[in-house]
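Source file: model_0.txt. Holds: compact mmCIF, C-alpha atoms.
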```txt
# COMPACT_ATOMS: atom_id res chain seq x y z
CA MET A 1 4.38 69.17 -53.88
CA ALA A 2 6.07 72.47 -54.84
CA ASP A 3 9.74 73.14 -53.97
CA VAL A 4 8.80 76.37 -52.11
CA LEU A 5 6.27 76.16 -49.28
CA SER A 6 3.62 78.78 -48.85
CA GLN A 7 3.01 80.58 -45.55
CA SER A 8 -0.09 78.51 -44.82
CA GLN A 9 1.84 75.28 -45.34
CA ILE A 10 4.61 76.47 -43.01
CA ASP A 11 2.07 77.30 -40.29
CA ALA A 12 0.44 73.90 -40.66
CA LEU A 13 3.81 72.17 -40.36
CA LEU A 14 4.72 74.10 -37.19
CA LYS A 15 1.33 73.31 -35.66
CA SER A 16 1.77 69.62 -36.33
CA MET A 17 5.19 69.71 -34.65
CA GLN A 18 3.65 71.30 -31.55
CA ASP A 19 1.10 68.47 -31.30
CA THR A 20 3.75 65.66 -31.31
CA PRO A 21 4.39 65.37 -27.46
CA PRO A 22 0.95 63.91 -26.61
CA LYS A 23 1.41 61.42 -29.45
CA GLU A 24 4.74 60.33 -27.95
CA GLU A 25 3.04 59.80 -24.58
CA ALA A 26 0.43 57.63 -26.28
CA VAL A 27 3.18 55.62 -27.94
CA GLU A 28 4.91 55.16 -24.57
CA THR A 29 1.70 53.87 -22.99
CA ASP A 30 1.24 51.46 -25.88
CA LEU A 31 4.80 50.18 -25.36
CA ASP A 32 4.13 49.64 -21.64
CA GLU A 33 1.04 47.61 -22.42
CA ILE A 34 2.95 45.50 -24.94
CA LEU A 35 5.75 44.85 -22.40
CA ASP A 36 3.22 43.82 -19.78
CA GLN A 37 1.63 41.38 -22.19
CA LEU A 38 5.02 39.91 -23.04
CA ASN A 39 5.85 39.49 -19.34
CA ASN A 40 2.53 37.75 -18.72
CA GLU A 41 3.13 35.39 -21.62
CA GLU A 42 6.62 34.58 -20.31
CA SER A 43 5.25 33.88 -16.84
CA GLN A 44 2.58 31.62 -18.33
CA VAL A 45 5.24 29.75 -20.31
CA GLN A 46 7.26 29.28 -17.13
CA GLU A 47 4.20 28.02 -15.25
CA ASP A 48 3.52 25.49 -17.98
CA HIS A 49 6.74 23.71 -17.04
CA TYR A 50 5.21 22.71 -13.66
CA SER A 51 2.67 19.89 -13.59
CA LYS A 52 -0.31 20.48 -11.33
CA TYR A 53 -0.93 17.79 -8.67
CA ASP A 54 -4.49 16.89 -7.81
CA PHE A 55 -4.65 16.21 -4.06
CA TYR A 56 -8.27 15.09 -4.36
CA SER A 57 -7.19 12.08 -6.43
CA PRO A 58 -3.63 11.16 -5.34
CA ARG A 59 -1.49 8.86 -7.43
CA LYS A 60 -1.83 5.21 -6.51
CA PHE A 61 1.05 3.76 -8.54
CA THR A 62 4.68 4.77 -8.52
CA LYS A 63 6.65 5.83 -11.58
CA GLU A 64 8.37 2.46 -11.52
CA LYS A 65 5.02 0.68 -11.90
CA ILE A 66 3.97 3.03 -14.70
CA ARG A 67 7.24 2.35 -16.54
CA LEU A 68 6.63 -1.37 -16.11
CA LEU A 69 3.19 -1.00 -17.71
CA LYS A 70 4.71 1.11 -20.49
CA SER A 71 7.18 -1.66 -21.36
CA ILE A 72 4.39 -4.28 -21.24
CA PHE A 73 2.16 -2.37 -23.66
CA ASP A 74 5.06 -1.46 -25.94
CA ASN A 75 5.64 -5.18 -26.30
CA TYR A 76 1.89 -5.70 -26.77
CA ALA A 77 1.75 -3.03 -29.50
CA ARG A 78 4.56 -4.74 -31.46
CA ILE A 79 2.88 -8.16 -31.19
CA LEU A 80 -0.51 -6.76 -32.14
CA THR A 81 0.95 -4.96 -35.17
CA SER A 82 2.38 -8.17 -36.60
CA GLN A 83 -0.82 -10.13 -35.92
CA VAL A 84 -3.15 -7.52 -37.46
CA ASN A 85 -0.96 -7.17 -40.53
CA GLY A 86 -0.83 -10.94 -41.01
CA ILE A 87 -4.48 -11.79 -40.30
CA PHE A 88 -6.21 -8.87 -42.00
CA ARG A 89 -3.71 -8.41 -44.86
CA THR A 90 -3.23 -4.71 -44.27
CA THR A 91 -0.43 -2.35 -43.31
CA THR A 92 -0.76 -0.86 -39.85
CA ASP A 93 1.60 0.60 -37.28
CA ILE A 94 0.41 0.40 -33.67
CA THR A 95 2.20 2.41 -30.96
CA VAL A 96 1.47 3.48 -27.39
CA LEU A 97 0.19 7.04 -27.59
CA GLU A 98 -0.70 7.65 -23.94
CA LEU A 99 -0.55 5.83 -20.62
CA ARG A 100 -1.81 7.73 -17.59
CA GLU A 101 -3.42 7.19 -14.22
CA THR A 102 -6.81 8.79 -13.71
CA ARG A 103 -10.37 8.16 -12.48
CA TYR A 104 -12.79 5.79 -14.14
CA TYR A 105 -15.39 8.47 -14.88
CA GLU A 106 -12.94 10.19 -17.26
CA TYR A 107 -12.75 6.99 -19.30
CA VAL A 108 -16.56 6.58 -19.39
CA ASN A 109 -17.26 10.21 -20.27
CA ALA A 110 -15.27 9.87 -23.51
CA PHE A 111 -17.82 7.41 -24.96
CA HIS A 112 -20.67 8.28 -27.28
CA GLU A 113 -24.15 6.85 -26.90
CA ASN A 114 -23.79 4.03 -29.48
CA ASP A 115 -20.18 3.06 -28.74
CA CYS A 116 -19.37 -0.52 -27.73
CA MET A 117 -17.31 -1.41 -24.65
CA THR A 118 -15.79 -4.88 -24.36
CA ILE A 119 -15.55 -6.41 -20.87
CA VAL A 120 -12.49 -8.65 -20.59
CA GLU A 121 -11.88 -11.18 -17.80
CA THR A 122 -8.37 -11.93 -16.54
CA HIS A 123 -7.29 -15.47 -15.63
CA VAL A 124 -3.90 -15.76 -13.92
CA GLU A 125 -2.27 -19.19 -13.78
CA GLY A 126 -2.47 -20.57 -10.25
CA LYS A 127 -4.59 -17.63 -8.99
CA GLY A 128 -7.85 -18.11 -10.88
CA LYS A 129 -10.09 -15.42 -12.33
CA SER A 130 -9.77 -11.84 -11.13
CA ASN A 131 -12.88 -10.25 -9.63
CA VAL A 132 -12.40 -6.96 -11.54
CA PRO A 133 -12.34 -7.00 -15.39
CA LEU A 134 -10.60 -4.63 -17.74
CA MET A 135 -12.36 -2.68 -20.48
CA ALA A 136 -11.41 -2.24 -24.15
CA TYR A 137 -12.72 0.00 -26.94
CA LEU A 138 -12.10 0.11 -30.72
CA SER A 139 -12.96 3.17 -32.73
CA PRO A 140 -15.67 2.48 -35.37
CA GLY A 141 -13.39 3.57 -38.26
CA LEU A 142 -10.79 0.93 -37.34
CA THR A 143 -13.48 -1.73 -36.89
CA LEU A 144 -15.13 -1.11 -40.26
CA THR A 145 -11.77 -0.99 -42.06
CA LEU A 146 -10.77 -4.37 -40.61
CA VAL A 147 -14.21 -5.78 -41.40
CA SER A 148 -13.79 -4.61 -44.99
CA HIS A 149 -10.46 -6.44 -45.24
CA MET A 150 -11.98 -9.58 -43.71
CA LEU A 151 -14.63 -9.57 -46.44
CA GLY A 152 -12.10 -9.03 -49.26
CA GLY A 153 -12.10 -5.24 -49.47
CA THR A 154 -9.35 -3.10 -50.97
CA GLU A 155 -6.72 -0.90 -49.36
CA SER A 156 -9.17 1.82 -48.41
CA PHE A 157 -10.27 3.50 -45.23
CA LEU A 158 -13.94 3.76 -44.22
CA LYS A 159 -14.88 6.95 -42.45
CA THR A 160 -17.74 6.97 -39.95
CA GLU A 161 -19.79 9.56 -38.17
CA GLY A 162 -19.43 10.32 -34.47
CA GLU A 163 -22.35 8.14 -33.30
CA TYR A 164 -22.16 5.17 -35.64
CA ARG A 165 -24.26 2.13 -34.68
CA TYR A 166 -23.11 -1.36 -35.70
CA THR A 167 -25.42 -3.72 -37.53
CA ASP A 168 -25.89 -7.31 -36.38
CA VAL A 169 -23.40 -8.64 -38.92
CA GLU A 170 -20.86 -5.98 -38.03
CA MET A 171 -21.36 -6.74 -34.32
CA ALA A 172 -20.58 -10.43 -34.90
CA LEU A 173 -17.43 -9.52 -36.85
CA TYR A 174 -16.54 -6.92 -34.20
CA LYS A 175 -16.45 -9.70 -31.57
CA ARG A 176 -14.25 -11.76 -33.87
CA ILE A 177 -11.80 -8.85 -34.22
CA MET A 178 -11.78 -8.27 -30.46
CA ASP A 179 -10.89 -11.94 -29.89
CA TYR A 180 -7.62 -11.42 -31.78
CA ILE A 181 -6.86 -8.14 -30.00
CA VAL A 182 -7.67 -9.46 -26.51
CA HIS A 183 -5.78 -12.72 -27.03
CA ALA A 184 -2.62 -10.75 -27.85
CA LEU A 185 -2.75 -9.21 -24.34
CA GLY A 186 -1.59 -12.52 -22.87
CA ASP A 187 1.47 -12.44 -25.14
CA GLY A 188 2.23 -8.88 -24.01
CA PHE A 189 2.22 -9.91 -20.33
CA SER A 190 4.04 -13.20 -20.96
CA ASN A 191 7.45 -11.80 -19.90
CA TYR A 192 6.10 -11.15 -16.39
CA ILE A 193 3.08 -13.37 -15.65
CA ASN A 194 1.17 -16.20 -17.28
CA ALA A 195 -2.24 -14.61 -17.79
CA GLU A 196 -5.10 -15.37 -20.15
CA PHE A 197 -7.62 -12.75 -21.24
CA LYS A 198 -11.12 -13.71 -22.39
CA ILE A 199 -14.07 -11.63 -23.55
CA ALA A 200 -16.91 -11.76 -21.05
CA LYS A 201 -19.43 -9.59 -22.91
CA VAL A 202 -19.83 -6.60 -25.21
CA GLU A 203 -21.76 -3.70 -23.71
CA THR A 204 -23.54 -1.43 -26.20
CA ASN A 205 -24.26 1.21 -23.55
CA PRO A 206 -21.00 2.00 -21.70
CA SER A 207 -22.67 4.33 -19.19
CA MET A 208 -24.57 1.35 -17.73
CA VAL A 209 -21.40 -0.62 -16.90
CA GLN A 210 -21.10 -0.90 -13.11
CA GLU A 211 -18.13 -3.23 -12.86
CA VAL A 212 -15.95 -0.42 -11.50
CA GLY A 213 -16.79 2.56 -9.29
CA LEU A 214 -16.74 5.96 -10.97
CA ASP A 215 -14.14 7.32 -8.51
CA GLU A 216 -11.88 4.27 -8.63
CA THR A 217 -8.32 4.78 -9.81
CA VAL A 218 -7.64 3.29 -13.25
CA VAL A 219 -4.84 3.36 -15.81
CA ILE A 220 -5.91 4.31 -19.33
CA VAL A 221 -3.79 3.05 -22.22
CA VAL A 222 -4.36 4.67 -25.63
CA LEU A 223 -2.90 2.90 -28.67
CA ASN A 224 -2.50 4.82 -31.92
CA VAL A 225 -3.23 2.76 -35.07
CA ASP A 226 -1.80 4.15 -38.31
CA ILE A 227 -3.71 2.51 -41.19
CA SER A 228 -1.51 2.62 -44.30
CA GLY A 229 -0.83 6.31 -43.67
CA LEU A 230 -4.45 7.10 -44.58
CA ALA A 231 -5.95 7.61 -41.12
CA MET A 232 -5.21 7.47 -37.39
CA GLU A 233 -7.52 5.40 -35.21
CA ARG A 234 -7.50 4.56 -31.51
CA ILE A 235 -7.67 1.53 -29.24
CA ARG A 236 -8.45 2.50 -25.64
CA LEU A 237 -7.86 0.12 -22.76
CA CYS A 238 -8.89 0.71 -19.15
CA LEU A 239 -7.16 -1.25 -16.36
CA PRO A 240 -8.76 -0.83 -12.90
CA GLY A 241 -6.45 -0.20 -9.95
CA THR A 242 -7.64 -3.31 -8.10
CA LEU A 243 -6.69 -5.52 -11.05
CA LEU A 244 -3.29 -3.85 -11.39
CA GLU A 245 -2.54 -4.28 -7.67
CA HIS A 246 -3.30 -7.99 -8.03
CA ILE A 247 -1.00 -8.24 -11.08
CA PHE A 248 1.82 -6.21 -9.48
CA LYS A 249 1.68 -8.36 -6.35
CA ILE A 250 2.16 -11.52 -8.42
CA ILE A 251 5.03 -9.93 -10.38
CA ASP A 252 6.78 -8.79 -7.17
CA ASN A 253 6.48 -12.25 -5.61
CA ARG A 254 7.99 -13.84 -8.71
CA LYS A 255 10.85 -11.35 -8.65
CA HIS A 256 11.64 -12.33 -5.05
CA LEU A 257 11.47 -16.02 -5.97
CA ALA A 258 13.83 -15.47 -8.90
CA ARG A 259 16.34 -13.67 -6.66
CA GLY A 260 16.24 -16.33 -3.97
CA PHE A 261 14.12 -14.41 -1.47
CA ALA A 262 11.32 -16.96 -1.31
CA TYR A 263 9.23 -16.84 1.83
CA GLU A 264 8.03 -20.43 1.68
CA ASN A 265 9.54 -23.34 3.61
CA ASN A 266 11.88 -21.22 5.74
CA GLN A 267 10.95 -22.95 8.99
CA ASP A 268 14.39 -24.51 9.50
CA ILE A 269 16.18 -21.20 8.97
CA ILE A 270 13.86 -19.39 11.37
CA MET A 271 14.25 -22.07 14.04
CA GLN A 272 18.03 -21.96 13.65
CA HIS A 273 18.01 -18.23 14.43
CA LEU A 274 15.62 -18.72 17.34
CA ARG A 275 17.86 -21.35 18.95
CA ALA A 276 20.62 -18.77 19.41
CA SER A 277 18.31 -16.25 21.10
CA GLU A 278 18.37 -15.77 24.88
CA PHE A 279 15.38 -15.62 27.25
CA PRO A 280 15.48 -14.75 30.97
CA MET A 281 14.34 -17.56 33.32
CA THR A 282 13.01 -16.49 36.71
CA GLY A 283 12.17 -18.63 39.72
CA GLN A 284 9.28 -17.25 41.77
CA LEU A 285 9.29 -18.13 45.48
CA GLY A 286 6.00 -16.41 46.24
CA ILE A 287 3.95 -13.22 46.07
CA VAL A 288 3.33 -10.93 49.06
CA ARG A 289 1.20 -7.79 49.17
CA LEU A 290 2.52 -5.11 51.53
CA ASP A 291 1.44 -1.59 52.30
CA ILE A 292 3.75 1.26 51.36
CA GLU A 293 4.20 2.05 55.04
CA ASP A 294 5.43 -1.50 55.70
CA LEU A 295 7.82 -1.24 52.76
CA TYR A 296 9.14 2.03 54.12
CA HIS A 297 9.90 0.56 57.55
CA LEU A 298 11.62 -2.60 56.25
CA LYS A 299 15.17 -3.12 57.55
CA VAL A 300 17.82 -5.82 57.70
CA GLY A 301 16.68 -8.67 59.91
CA ASP A 302 12.95 -8.36 59.22
CA VAL A 303 11.08 -11.48 58.19
CA ILE A 304 8.68 -11.53 55.22
CA ASP A 305 6.08 -14.29 55.33
CA LEU A 306 5.48 -15.71 51.84
CA ASN A 307 2.46 -17.79 52.94
CA ARG A 308 3.94 -20.96 51.46
CA GLU A 309 5.24 -24.22 52.88
CA LYS A 310 8.94 -24.93 53.16
CA ASP A 311 8.95 -27.67 50.52
CA SER A 312 6.37 -26.08 48.21
CA ALA A 313 6.92 -25.98 44.48
CA VAL A 314 8.63 -23.05 42.78
CA LYS A 315 7.30 -21.63 39.54
CA LEU A 316 9.79 -21.07 36.75
CA TYR A 317 9.00 -18.29 34.27
CA VAL A 318 10.45 -17.94 30.78
CA GLY A 319 10.10 -14.24 30.16
CA ARG A 320 6.67 -13.51 31.63
CA GLN A 321 5.12 -16.90 30.88
CA PRO A 322 5.07 -19.72 33.49
CA TRP A 323 6.50 -22.91 32.01
CA PHE A 324 7.63 -25.29 34.80
CA THR A 325 7.31 -26.09 38.49
CA GLY A 326 10.21 -27.43 40.54
CA LYS A 327 11.80 -27.90 44.00
CA MET A 328 14.44 -25.72 45.59
CA GLY A 329 17.75 -27.40 46.40
CA VAL A 330 21.55 -27.20 46.24
CA PHE A 331 23.72 -28.20 43.28
CA LYS A 332 27.52 -27.88 43.59
CA LYS A 333 27.14 -25.58 46.60
CA ASN A 334 24.78 -23.27 44.65
CA ILE A 335 21.05 -22.72 45.01
CA ALA A 336 19.25 -24.60 42.22
CA VAL A 337 15.75 -25.64 41.13
CA ARG A 338 14.92 -29.13 39.92
CA ILE A 339 12.19 -29.12 37.22
CA GLU A 340 9.43 -31.56 38.03
CA GLU A 341 6.56 -30.91 35.65
CA ARG A 342 5.40 -28.75 32.79
CA ILE A 343 2.72 -26.16 33.50
CA MET A 344 -0.26 -26.60 31.20
CA GLN A 345 -2.00 -23.57 29.81
CA LYS A 346 -5.52 -22.79 31.02
CA GLU A 347 -7.03 -23.47 27.63
CA ASP A 348 -5.46 -26.97 27.69
CA LEU A 349 -6.85 -27.84 31.13
CA PRO A 350 -10.42 -28.96 31.87
CA LYS A 351 -12.72 -26.29 33.22
CA GLU A 352 -12.87 -27.82 36.74
CA ASP A 353 -9.07 -27.83 37.08
CA THR A 354 -8.79 -24.20 36.00
CA VAL A 355 -11.38 -23.14 38.59
CA GLU A 356 -9.54 -24.99 41.38
CA GLU A 357 -6.21 -23.49 40.29
CA ASP A 358 -7.65 -19.96 40.36
CA LEU A 359 -9.08 -20.56 43.85
CA LEU A 360 -5.74 -21.84 45.13
CA GLU A 361 -3.80 -18.91 43.70
CA GLU A 362 -6.12 -16.27 45.19
CA VAL A 363 -5.14 -15.78 48.85
CA PRO A 364 -7.40 -13.40 50.82
CA ARG A 365 -5.64 -10.59 52.55
CA GLU A 366 -7.39 -11.32 55.88
CA GLU A 367 -6.00 -14.89 55.96
CA ALA A 368 -2.50 -13.68 55.08
CA SER A 369 -2.49 -11.14 57.92
CA GLY A 370 -4.62 -12.84 60.63
CA GLU A 371 -3.60 -16.52 60.78
CA LYS A 372 -0.31 -17.95 61.90
CA LEU A 373 1.64 -19.43 58.99
CA PRO A 374 3.75 -22.56 59.25
CA GLU A 375 6.99 -21.35 57.76
CA SER A 376 8.85 -18.07 57.22
CA ILE A 377 11.95 -16.95 55.39
CA ASP A 378 14.72 -14.94 56.99
CA VAL A 379 15.62 -11.98 54.77
CA SER A 380 19.03 -11.53 56.42
CA ALA A 381 19.95 -15.13 55.55
CA MET A 382 18.98 -14.60 51.94
CA ALA A 383 21.13 -11.48 51.78
CA ASP A 384 24.26 -13.56 52.51
CA SER A 385 23.66 -15.89 49.54
CA PRO A 386 25.68 -15.34 46.31
CA ASP A 387 22.47 -14.70 44.32
CA ALA A 388 21.21 -12.04 46.69
CA ASP A 389 21.94 -9.23 44.23
CA ALA A 390 19.97 -10.93 41.45
CA LYS A 391 16.79 -9.15 40.41
CA ILE A 392 13.62 -11.14 41.08
CA GLU A 393 10.79 -10.19 38.76
CA SER A 394 7.13 -10.76 39.39
CA PRO A 395 5.42 -11.33 36.04
CA ASN A 396 2.01 -10.96 37.62
CA THR A 397 2.64 -7.50 39.03
CA GLY A 398 4.97 -6.10 36.37
CA VAL A 399 6.73 -3.82 38.96
CA MET A 400 10.51 -3.55 38.62
CA ALA A 401 12.95 -2.98 41.49
CA GLU A 402 13.81 0.50 40.18
CA ASP A 403 10.13 1.52 40.33
CA VAL A 404 9.84 0.33 43.96
CA GLN A 405 13.00 2.25 44.89
CA GLU A 406 11.60 5.47 43.39
CA LEU A 407 8.31 4.92 45.20
CA LEU A 408 10.12 4.46 48.55
CA GLU A 409 12.12 7.63 47.99
CA ASP A 410 8.89 9.56 47.34
CA VAL A 411 7.32 8.17 50.52
CA SER A 412 10.40 9.00 52.62
CA SER A 413 10.31 12.57 51.37
CA GLU A 414 6.62 12.83 52.35
CA TYR A 415 7.32 11.47 55.85
CA SER A 416 10.18 13.94 56.34
CA LEU A 417 7.91 16.82 55.36
CA ALA A 418 5.18 15.58 57.70
CA GLU A 419 7.63 15.45 60.64
```

Write the structure described by the file as structure tokens, please.
Amino acid sequence: MADVLSQSQIDALLKSMQDTPPKEEAVETDLDEILDQLNNEESQVQEDHYSKYDFYSPRKFTKEKIRLLKSIFDNYARILTSQVNGIFRTTTDITVLELRETRYYEYVNAFHENDCMTIVETHVEGKGKSNVPLMAYLSPGLTLTLVSHMLGGTESFLKTEGEYRYTDVEMALYKRIMDYIVHALGDGFSNYINAEFKIAKVETNPSMVQEVGLDETVVIVVLNVDISGLAMERIRLCLPGTLLEHIFKIIDNRKHLARGFAYENNQDIIMQHLRASEFPMTGQLGIVRLDIEDLYHLKVGDVIDLNREKDSAVKLYVGRQPWFTGKMGVFKKNIAVRIEERIMQKEDLPKEDTVEEDLLEEVPREEASGEKLPESIDVSAMADSPDADAKIESPNTGVMAEDVQELLEDVSSEYSLAE
């Protein structure tokens, strides 16, 4: 470019300077879009910190139970690592990669068509076999590598395709490998329960397994197997929620037993506490049915006919249950009841006796009001006794004295309005 600009170059430079404002506006709009994108990314990063809760499938086990399972399978992973390294003469490192609670269909959907699922039965000492089994799966690469070491192979890793199908010989050796892996589960649980795990069968079509419902809550445990640093394989275990509830119940009971909170053979302690408890004992002289109008007009000096003989037996109630019959009398210048016999329950009596007892207890209202009765009780005389203020309950009616008083006040107010 020359040191001196021509007139045409100067005009072109001035024209370009006049066109710069719209370019600045375009730059500003681009900056706004970039800032909006950055804000959206920041908001998405902040939202990632919150875990979404699925209300359709709520959590069935607490964090404490999940931590307990985590410690169990950490112990299992260490035991299994030492056993695999010793039996198969290889170098592996097995760790717990994932332990989460989910639905069973998520575990089944991860299988390919030719994968093998092992059904494992659980036998707990003293409780027998559990009705719900657990499921286990070994990736084909891990299986073939261990089979190669069993047959004298070298330190190499055998890669497989996604839908590898085992031969008959490999299937027999696969069951042998699973025996070692499943047997180590008992050692992993040994710190909490005495359980034994046995292989029930090997299912070559996992989608046909109907031992567990598709929507049932399960806990999936994924173990990562590092084979000599050459490859990473997986062992997937599925523990149904019903089986875990059974195991957790046994563990909790053993914890209570270890702390001295056993619930067996506490009959003496319970009876010792019951002996110090208090129960109200009520003597029932009789039952009378009166109209509200008669109750309203009652006054001192009136006589209430109980429709019972003078020397008739008195029922004694413990709480609301009749227990004894006795005779009224005087003991040390106080009214007392002498217990004569124990009242048998209706289910203990013969049918004929229960029918006669029901007929005797039912007194028709016409007989109570029309016939002359042999004896009566003076209410004014009872009022002078020291126990006159005591509350007499009728367990058959269930009406308290306070309720009768409120009812009488309501009736008196109605009569005053009517007058």

Contact residues around segment 237-244 of chain A with all atoms listed in the file at 6 Å, ignoring same-chain residues under 5 positions, as a VMD selection string: chain A and resid 132 134 to 136 217 to 221

Which of A:Glu196, A:Glu233, A:Glu170, A:Asp252 sits closest to His123 of chain A [using only C-alpha atoms]: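 Counting only C-alpha atoms, the residue closest to His123 of chain A is A:Glu196.
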
Of the listed residues A:Val120, A:Asn114, A:Gly141, A:Ile199, that which approaches Arg176 of chain A most closely, counting all atoms listed in the file: A:Ile199

Atom CA of Leu142 of chain A to atom CA of Val209 of chain A, distance in Å rounded to a single decimal: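 These two atoms are separated by 23.1 Å.
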
Point-to-point distance from atom CA of Tyr166 of chain A to atom CA of Pro140 of chain A, Å rounded to tenths: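 It comes out at 8.4 Å.
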
Shell around Ile72 of chain A at 10 Å using only C-alpha atoms, local window under 5 positions removed, as a PyMOL selection string: chain A and resi 66-67+77+185+187-192

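Relative to atom CA of Ala110 of chain A, atom CA of Leu214 of chain A is found at 13.2 Å.
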
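You can rank A:Glu161, A:Glu101, A:Asp226, A:Glu293 by their closest distance to Lys65 of chain A using all atoms listed in the file, and at the top of that list sits A:Glu101.
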
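Considering the residues A:Ser6, A:Thr91, A:Ser312, A:Asn109 and counting only C-alpha atoms, Met208 of chain A has its shortest atom-to-atom contact with A:Asn109.
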
For Ile119 of chain A, the nearest of the candidates A:Met178, A:Ile79, A:Leu316, A:Val84, counting all atoms listed in the file: A:Met178

Nearest to Ile94 of chain A by atom-to-atom distance, counting only C-alpha atoms, from A:Gly128, A:Pro133, A:Gly152, A:Gly229: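 The closest residue to Ile94 of chain A is A:Gly229.
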
Residue completion, segment 96-108 of chain A, N, CA and C atoms, as an mmCIF file, keeping the file's coordinate frame:
```
data_model
loop_
_atom_site.group_PDB
_atom_site.id
_atom_site.type_symbol
_atom_site.label_atom_id
_atom_site.label_comp_id
_atom_site.auth_asym_id
_atom_site.auth_seq_id
_atom_site.Cartn_x
_atom_site.Cartn_y
_atom_site.Cartn_z
ATOM 1 N N VAL A 96 2.097 2.979 -28.630
ATOM 2 C CA VAL A 96 1.470 3.480 -27.390
ATOM 3 C C VAL A 96 1.488 4.997 -27.453
ATOM 4 N N LEU A 97 0.304 5.589 -27.507
ATOM 5 C CA LEU A 97 0.190 7.040 -27.590
ATOM 6 C C LEU A 97 0.167 7.680 -26.209
ATOM 7 N N GLU A 98 -0.532 7.049 -25.267
ATOM 8 C CA GLU A 98 -0.700 7.650 -23.940
ATOM 9 C C GLU A 98 -0.915 6.537 -22.917
ATOM 10 N N LEU A 99 -0.333 6.734 -21.744
ATOM 11 C CA LEU A 99 -0.550 5.830 -20.620
ATOM 12 C C LEU A 99 -0.544 6.688 -19.352
ATOM 13 N N ARG A 100 -1.695 6.826 -18.738
ATOM 14 C CA ARG A 100 -1.810 7.730 -17.590
ATOM 15 C C ARG A 100 -2.768 7.156 -16.557
ATOM 16 N N GLU A 101 -2.565 7.602 -15.338
ATOM 17 C CA GLU A 101 -3.420 7.190 -14.220
ATOM 18 C C GLU A 101 -4.476 8.263 -13.975
ATOM 19 N N THR A 102 -5.714 7.844 -13.875
ATOM 20 C CA THR A 102 -6.810 8.790 -13.710
ATOM 21 C C THR A 102 -7.978 8.101 -13.015
ATOM 22 N N ARG A 103 -9.145 8.741 -13.053
ATOM 23 C CA ARG A 103 -10.370 8.160 -12.480
ATOM 24 C C ARG A 103 -11.209 7.510 -13.580
ATOM 25 N N TYR A 104 -12.024 6.565 -13.153
ATOM 26 C CA TYR A 104 -12.790 5.790 -14.140
ATOM 27 C C TYR A 104 -13.804 6.649 -14.880
ATOM 28 N N TYR A 105 -14.358 7.672 -14.212
ATOM 29 C CA TYR A 105 -15.390 8.470 -14.880
ATOM 30 C C TYR A 105 -14.835 9.222 -16.086
ATOM 31 N N GLU A 106 -13.529 9.529 -16.101
ATOM 32 C CA GLU A 106 -12.940 10.190 -17.260
ATOM 33 C C GLU A 106 -12.929 9.245 -18.464
ATOM 34 N N TYR A 107 -12.732 7.957 -18.201
ATOM 35 C CA TYR A 107 -12.750 6.990 -19.300
ATOM 36 C C TYR A 107 -14.170 6.815 -19.842
ATOM 37 N N VAL A 108 -15.169 6.784 -18.960
ATOM 38 C CA VAL A 108 -16.560 6.580 -19.390
ATOM 39 C C VAL A 108 -17.090 7.805 -20.116
#
```
